[in-house]
Amino acid sequence: MKKLGVFICHCGVNIAGTVDVKSAAGKMGEVEDVAHSADYIYMCSEPGQQIIREAIREKELEGVVVACCSPSMHENTFRKAVKSEGMNPYLCEIANIREQCSWVHQKEKEKATEKAEEIILATLEKVRENEKLEAISVSINRSVLVIGGGIAGMTAALDLAVGGYEVTLIEREQALGGHMTQLSKTFPDLHPALPDLLAKAREIEGHPGIDLHCYSEMEDVKGYVGNFELTIRKKATHVDWEKCNGCGLCIRDCPVDYVSQFERGLGVRKAIDLLYSHSVPNKPVIHRSHCRYFIDGSCRKCEEVCPEKAIRFKQKDERIGKKVGAIVVATGFDLYPGERLGEYGYGEIPDVIDGLALERMLSVDGPTKGKIIRPSDGKVPKEMVFIQCVASRDPDRYMPYCSRICCMYTAKQAKIYKEQVPDGQPYIFYMDIRSDGKGYEEFLQKTIEEKGLLYLRGRVSRVFQDDGKVRVLGVDTLTGKMVEVAADMVVLATAVVPSDGVKDLAAKLRATVDRHGFLTEAHIKLYPVESSTKGIYLAGCGQSPKDISDTVSQASATASKIQALLSTDKLLQDPLIAFVDENICSGCGICVEICPYEAREMDSRRGISVVHSALCQGCGACIAACPNFACELRNSSSIQTLRMMDTFMT
Amino acid sequence: MSWGKMEEIKLETTLNREKVGASFLEEVEKWSGEKLSLCYQCLKCTAGCPTAPNMDIRPNSIIRMIQMGKKQEVLESSAIWFCVYCQTCGTRCPNEIHIGVLMDALREMAMEEGVHAKEKNIHLFHEAFIQSVRRGGRAHEVTMLMDYVLRSRDLMKGSLIPGVKLFLKGKFPLIPSFVKGRGEIKRIFEKCKK
């Protein structure tokens, strides 16, 4: 018979205010194999832990139950404490009598005390059968994959490479930079976005520790934290980038123009083109769906003109394999498709554009060379309406969340507009102004003071074309009056949504997304850059909408978390995983199919199923599925569970 | 989708840059010296204003309407005449807008423009007050009220009982008291005239 100890925490009044801890401690002391039972005001404090350590030493305890808060709070604390006295940490268990008892039964003190005692008795049953376990040591690959070459992915990749880790950076588009390459000036300092971004991109391109793959996508991921095996698909660019010298003759001579998505429909691009001028890498790509060679074979202009003979019409997609220890998902955002917004006229009225389109107009290298003009007739708009919260904060029809960047970029755009068109009038329809960043509120107030922006508090009900104008109807709730503006141009601050294809990627990575498609973090406050899958980390707008400052901060946080993970070449893993009784297993293979972590495998030689200890997360799915009861979970065996149930039933 | 004709929609306010383009806002800002574009409608002013419950347009709305270029409505309002210049609003405003000063400026603008105040006798009361100050350097209630009654033919019947009570408590001295530097007061008034 093991000698056990019970330690009951008051947690101030959190537990002791409801549960009679003294009487519970007394009752536990009467249990046959309990050699020590004590209570204390804060068991997690240093004196509290000392009580446990002394009892283990003096009474030679062989198992400990700490009745306190949730194990996610202090299981580690107490396991460390017992370990310092030479006890195996897996012989220490937590009985949760706070979250699952005192907090929820504050009005029924007697019953709560009874329930707390039962919880402790059940946990004692578990400890009686607990085995001594050791953490599993797994060797790890000390390199990192970063998915997404926007400012988030770039920052994380560069931080990791500077820290001395090998980084593979993949980007879906043909050049680095993401949405930041489309921006003009950035708030709150009004610095142009591109120069700093390109400096960073060139540093990445030239860094010996970064293996850059643009125009590439993730095809397959296998493995687990420390040991991921990847297949990356390099899409055919039809240009030999090694040979291409970036002279641009092919682009100049290409006869095909088509509407550019990068320019948000305001400009055109060639069938062979760069993503943007001075892009990094500065190499063109042939877009098959628009190239005449691929449509009907009628044109080979680029091939004829290329001085380096770098055009490769026959090039095929290429697949490359990689092994990494951790993965950063920095997949970024898109704007909510404006065509789905009925009342704002986007897509029907040419002078209704979205915020990114205006950013392209304001960019010096953009389709209008920095000039704000009406897309319909090229005239300078004198009455300019900005509408915020378009598809954001609308739980019924669109997105319930706040997109977080629109208040600031709208103020910035209105400021630049007023500087460019001093006799123009900007109107901004808003619901609330959220300017929570450093220097943001000051920027906003200064802009309003200096520039004569008219903020109208209220949502717009209709936007429609009338006599060459775009009429905007809304309400100013501050005066309670309905208002109408006959605008020349309307800019919609549409909602930030996760970029296309994130759900598929998340499925490949076994990471989770929320109902809007944003990647979910392990804990919103305490583990904000870790995904719910070990070894997969998050950065940037793929996790939630955020501005550049927040994105860069988060990406650097992600990089430092990974550096901590990869700082050793061995990884210690929790041993509370599944195991197989080889004498019972019939080799039916149901567990292999049911395992969500690909941790179960058939051993064909022995005809039984085995557990891959590094992959198993201890979820218990295989145990429930096994028809022969051949699987068990370490320290949560069927016997233990049944005895615990018995305690509650009787 | 068909959008219906403009004529069918009856709107209370049509905005354009001539109206908003800051002309009225600029004018008032210049006259009062107050930065009205800074107002973010926290309503601290209205919340503490002792006369706001009697105003037709609340102080915060006055600023809002100035921003929206509603000159006529602002100058015709009784609110600008109801302000007693207690300065509670200006002391508390987070953006340092002194609404008392603003209201003064609006009253001046209304008189300049010949806009008739909604409360027809209110400016007569103001004139009687100023006259009283001009005479003695401080207001003398009895002569001031006599002046007002003569100007307005308003016998103030409703105020009779409180008036008698104030008189019995000695708050209405019959003989006016004058300040020492009446010459200086006179000079101030002369300077203001210029």
# chains A, B, ... in the order shown; residues from 1 in each chain; ligands from 1
call {"tool": "interface_residues", "arguments": {"of": "chain A", "to": "chain B", "cutoff": "10 Å", "atoms": "only C-alpha atoms", "output": "CSV table (one decimal) with N, CA and C atoms, in the first residue's frame"}}
result
chain,number,residue,atom,x,y,z
A,342,GLY,N,-24.4,44.8,-51.2
A,342,GLY,CA,-25.5,45.4,-52.1
A,342,GLY,C,-25.6,46.9,-52.0
A,343,GLU,N,-25.8,47.4,-50.8
A,343,GLU,CA,-26.2,48.8,-50.7
A,343,GLU,C,-25.1,49.8,-50.9
A,345,GLY,N,-23.0,49.8,-53.7
A,345,GLY,CA,-22.8,50.0,-55.1
A,345,GLY,C,-21.4,49.6,-55.6
A,382,LYS,N,-14.1,66.4,-55.9
A,382,LYS,CA,-14.2,67.5,-54.9
A,382,LYS,C,-15.0,67.1,-53.7
A,383,GLU,N,-15.9,66.2,-53.8
A,383,GLU,CA,-16.7,65.8,-52.7
A,383,GLU,C,-16.4,64.3,-52.5
A,384,MET,N,-15.7,64.0,-51.4
A,384,MET,CA,-15.1,62.7,-51.2
A,384,MET,C,-15.7,62.0,-50.0
A,423,ASP,N,-9.3,72.3,-52.0
A,423,ASP,CA,-10.7,72.8,-52.0
A,423,ASP,C,-11.7,71.7,-52.0
A,424,GLY,N,-11.3,70.5,-51.8
A,424,GLY,CA,-12.2,69.4,-51.7
A,424,GLY,C,-12.7,69.2,-50.3
A,425,GLN,N,-13.8,68.4,-50.1
A,425,GLN,CA,-14.3,68.2,-48.8
A,425,GLN,C,-14.4,66.7,-48.5
A,426,PRO,N,-13.6,66.2,-47.6
A,426,PRO,CA,-13.8,64.8,-47.2
A,426,PRO,C,-14.9,64.6,-46.1
A,427,TYR,N,-15.8,63.6,-46.3
A,427,TYR,CA,-16.8,63.3,-45.3
A,427,TYR,C,-16.5,61.8,-44.9
A,433,ILE,N,-14.7,55.7,-33.4
A,433,ILE,CA,-13.4,55.9,-33.8
A,433,ILE,C,-12.5,55.1,-32.9
A,445,GLN,N,-6.6,63.4,-34.0
A,445,GLN,CA,-7.1,64.7,-33.5
A,445,GLN,C,-6.4,65.9,-34.3
A,446,LYS,N,-5.1,65.7,-34.5
A,446,LYS,CA,-4.3,66.7,-35.2
A,446,LYS,C,-4.9,66.8,-36.7
A,447,THR,N,-5.1,65.7,-37.3
A,447,THR,CA,-5.6,65.7,-38.6
A,447,THR,C,-7.0,66.4,-38.7
A,448,ILE,N,-7.9,66.1,-37.7
A,448,ILE,CA,-9.2,66.7,-37.8
A,448,ILE,C,-9.1,68.2,-37.5
A,449,GLU,N,-8.2,68.6,-36.6
A,449,GLU,CA,-8.0,70.0,-36.3
A,449,GLU,C,-7.5,70.8,-37.5
A,450,GLU,N,-6.5,70.2,-38.2
A,450,GLU,CA,-5.9,70.9,-39.3
A,450,GLU,C,-6.6,70.8,-40.6
A,451,LYS,N,-7.2,69.7,-40.9
A,451,LYS,CA,-7.7,69.4,-42.2
A,451,LYS,C,-9.2,69.6,-42.5
A,452,GLY,N,-9.9,69.9,-41.5
A,452,GLY,CA,-11.4,70.2,-41.7
A,452,GLY,C,-12.1,69.0,-42.3
A,453,LEU,N,-11.8,67.8,-41.7
A,453,LEU,CA,-12.5,66.6,-42.1
A,453,LEU,C,-13.9,66.6,-41.4
A,454,LEU,N,-14.9,66.2,-42.1
A,454,LEU,CA,-16.2,66.2,-41.4
A,454,LEU,C,-16.6,64.7,-41.1
A,455,TYR,N,-16.5,64.4,-39.8
A,455,TYR,CA,-16.9,63.0,-39.4
A,455,TYR,C,-18.4,63.0,-39.1
A,456,LEU,N,-19.1,62.0,-39.7
A,456,LEU,CA,-20.5,61.9,-39.5
A,456,LEU,C,-20.7,60.6,-38.9
A,462,ARG,N,-27.6,54.0,-48.3
A,462,ARG,CA,-27.6,53.7,-49.7
A,462,ARG,C,-26.6,54.5,-50.4
A,463,VAL,N,-26.0,53.9,-51.5
A,463,VAL,CA,-25.0,54.6,-52.3
A,463,VAL,C,-25.5,54.3,-53.8
A,464,PHE,N,-25.8,55.4,-54.5
A,464,PHE,CA,-26.3,55.1,-55.9
A,464,PHE,C,-25.9,56.3,-56.8
A,465,GLN,N,-25.9,55.9,-58.1
A,465,GLN,CA,-25.5,56.9,-59.1
A,465,GLN,C,-26.6,57.8,-59.5
A,466,ASP,N,-26.4,59.1,-59.7
A,466,ASP,CA,-27.4,60.0,-60.0
A,466,ASP,C,-26.8,61.2,-60.7
A,471,ARG,N,-24.5,59.4,-55.1
A,471,ARG,CA,-25.3,59.9,-53.9
A,471,ARG,C,-25.1,59.0,-52.7
A,473,LEU,N,-26.5,58.3,-48.9
A,473,LEU,CA,-27.5,58.7,-47.9
A,473,LEU,C,-27.2,58.0,-46.6
A,474,GLY,N,-27.3,58.8,-45.5
A,474,GLY,CA,-27.0,58.3,-44.2
A,474,GLY,C,-27.6,59.1,-43.1
A,475,VAL,N,-27.2,58.9,-41.9
A,475,VAL,CA,-27.7,59.7,-40.8
A,475,VAL,C,-26.5,60.2,-40.0
A,476,ASP,N,-26.7,61.4,-39.5
A,476,ASP,CA,-25.7,61.9,-38.5
A,476,ASP,C,-26.4,61.8,-37.2
A,478,LEU,N,-25.4,62.4,-34.3
A,478,LEU,CA,-25.0,63.5,-33.4
A,478,LEU,C,-26.0,64.6,-33.5
A,479,THR,N,-26.6,64.8,-34.6
A,479,THR,CA,-27.7,65.8,-34.7
A,479,THR,C,-29.0,65.2,-34.9
A,480,GLY,N,-29.0,63.9,-35.1
A,480,GLY,CA,-30.2,63.1,-35.3
A,480,GLY,C,-30.8,63.4,-36.7
A,481,LYS,N,-30.1,63.9,-37.6
A,481,LYS,CA,-30.7,64.3,-38.9
A,481,LYS,C,-30.2,63.3,-40.0
A,482,MET,N,-31.1,63.1,-41.0
A,482,MET,CA,-30.7,62.3,-42.1
A,482,MET,C,-29.8,63.2,-43.0
A,483,VAL,N,-28.8,62.7,-43.6
A,483,VAL,CA,-27.9,63.5,-44.4
A,483,VAL,C,-27.7,62.9,-45.8
A,484,GLU,N,-27.4,63.7,-46.7
A,484,GLU,CA,-27.1,63.3,-48.1
A,484,GLU,C,-25.9,64.0,-48.6
A,485,VAL,N,-25.0,63.3,-49.3
A,485,VAL,CA,-23.9,63.9,-49.9
A,485,VAL,C,-23.9,63.5,-51.4
A,486,ALA,N,-23.8,64.5,-52.3
A,486,ALA,CA,-23.7,64.2,-53.7
A,486,ALA,C,-22.2,64.1,-53.9
A,487,ALA,N,-21.6,62.9,-53.8
A,487,ALA,CA,-20.2,62.7,-53.8
A,487,ALA,C,-19.7,62.5,-55.2
call {"tool": "residues_around", "arguments": {"residues": "Ile175 of chain B", "least_positions_apart": "3", "cutoff": "9 Å", "atoms": "only C-alpha atoms", "output": "PyMOL selection string"}}
result
chain B and resi 140+142+172
call {"tool": "residues_around", "arguments": {"residues": "Glu141 of chain B", "least_positions_apart": "2", "cutoff": "9 Å", "atoms": "only C-alpha atoms", "output": "PyMOL selection string"}}
result
chain B and resi 129+132+139+143-146+171-174+176
call {"tool": "closest_residue", "arguments": {"among": "A:Gly26, A:Gly439, A:Gly589, A:Gly153", "to": "Gln554 of chain A", "atoms": "only C-alpha atoms"}}
result
A:Gly153
call {"tool": "atom_distance", "arguments": {"atom1": "atom CA of Gln543 of chain A", "atom2": "atom CA of Val513 of chain A"}}
result
8.5 Å
call {"tool": "residues_around", "arguments": {"residues": "Cys306 of chain A", "least_positions_apart": "5", "cutoff": "9 Å", "atoms": "only C-alpha atoms", "output": "list in words"}}
result
Cys244, Cys247, Gly248, Leu249, Cys250, Lys301 and Ile311 of chain A
